[in-house]
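Heads up: the structure comes next, in structure tokens.
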Amino acid sequence: MEIVIQPTPEAASHIGAHIIANLVHEKPDCVLGFATGGTPMLMYRELVRMHREEGLDFTRVTTFNLDEYVGLSPEHPQSYHAFMWEHLFQHINVPQDRIHIPNGMAPNVPEECAAYEATIRAVGGIDLQVLGIGTEGHIGFNEKSSSLASRTRIKTLTEQTRRDNARFFGSPENVPMHVITMGVGSIMDARQVLLLAFGEAKAQVIADAVEGSISAMNPASILQMHPVAKALLDEPAASKLALNEYYRWVYDHKPQWQRFVRGH
Ligand code: PGA
């Protein structure tokens with residue numbers, strides 16, 4: 001995995017936005033995988049700015065989101081549909097019929113999951129998948145012990161995740177118990193993966209995912225097997241990495257042509 005450590009979440013998010021913008025410029029009909037949560041919000045804000053001020057054009061882009069709560073309609077303020085509209089989709093020009101988010105109200109969940117996988121396949125797969133990481137290592141909502149080969153399916157959230165997400169719902173009891181999430185195998189099929197993590201609360205899980213053993217107990221650790229995975233971290237999230245200094249040294253010595261942002 002390539003580890004990029006930046007002084008602030010803003011700096012790391014700007015690199016992420018530049019990587020996405022470069023891809024959209026190179027391949028205007030690319031397929032982007034998006035994530036929800038607090039972590040990617042600054043990156044989405046920067047993409048919105050690039051759209052408004054620099055004309056970054058999403059009209060041919062297709063998107064897939066990682067997950068959605070079962071039982072929440074798209075209009076529910078805590079649904080991931082609502083989150084994506086509020087923070088990204090209403091501000092950019094990706095056509096609505098190219099936006100895909102699992103339907104948490106689907107009457108037949110296994111059918112919805114199979115159809116989601118089929119749609120990803122039909123458009124040729126995901127070019128770049130954005131990921132956050134849960135405090136116990138989930139990517140998407142693939143909680144600890146998830147099959148590392150899993151596909152889109154229903155999952156039951158751990159108590160830890162429900163506590164972590166209670167800030168959006170008022171209390172852990174209000175957080176839905178079930179979700180539809182792309183699987184670990186579905187995520188690993190993306191041609192490029194961008195993992196973002198900020199803050200000290202993510203330091204241990206990042207150290208375990210990046211430098212620990214590959215294990216279903218920390219599903220993010222499978223990204224060690226991904227050919228093009230980058231972790232964009234702020235300093236607190238990187239603080240428990242044993243090779244912290246080495247990653248900085250490597251990044252500082254990248255050839256200019258390999259940099260994501262000119263002058264960075
Ligand atoms: P967060 O969530 O960005 O709100 O910390 C990350 C995740 O659960 O994947």
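By order in the structure tokens, chains are A, B, ...; within a chain, residues start at 1; ligands start at 1, following the order shown.
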
Per-residue DSSP, range 62-180 of chain A, filtered to alpha helix (DSSP H), as a PyMOL selection string = chain A and resi 80-87+109-122+159-164+166-169

Check which residues fall inside 12 Å of ligand 1 when counting only C-alpha atoms and all ligand atoms, and print them as a PyMOL selection string.
-> chain A and resi 9+34-43+66-68+80+83+130-143+157-158+160-168+181+195-203+205-206+219-220+237

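Shortest atom-to-atom contact with Asn93 in chain A among A:Asp57, A:Glu46, A:Glu112, A:Glu245: A:Asp57, counting only C-alpha atoms.
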
Spatial neighbours of Tyr247 in chain A, max dist 12 Å, only C-alpha atoms, sep filter under 3 positions, as an NGL selection string | :A and (1-6 or 210-211 or 230-233 or 235 or 238-239 or 241-244 or 250-254)

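Coordinates place CA of Met50 in chain A at a distance of 24.0 Å from CA of Ala190 in chain A.
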
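Of the residues listed (A:Asn108, A:Thr8, A:Ser221, A:Thr63), A:Thr63 shows the shortest atom-to-atom separation from Gly125 in chain A; distances use only C-alpha atoms.
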
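CA of Thr119 in chain A lies 22.6 Å from CA of Gln90 in chain A.
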
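Taking only C-alpha atoms into account, Lys240 in chain A lies nearest to A:Ala209 out of the set A:Ile222, A:Ala216, A:Val61, A:Ala209.
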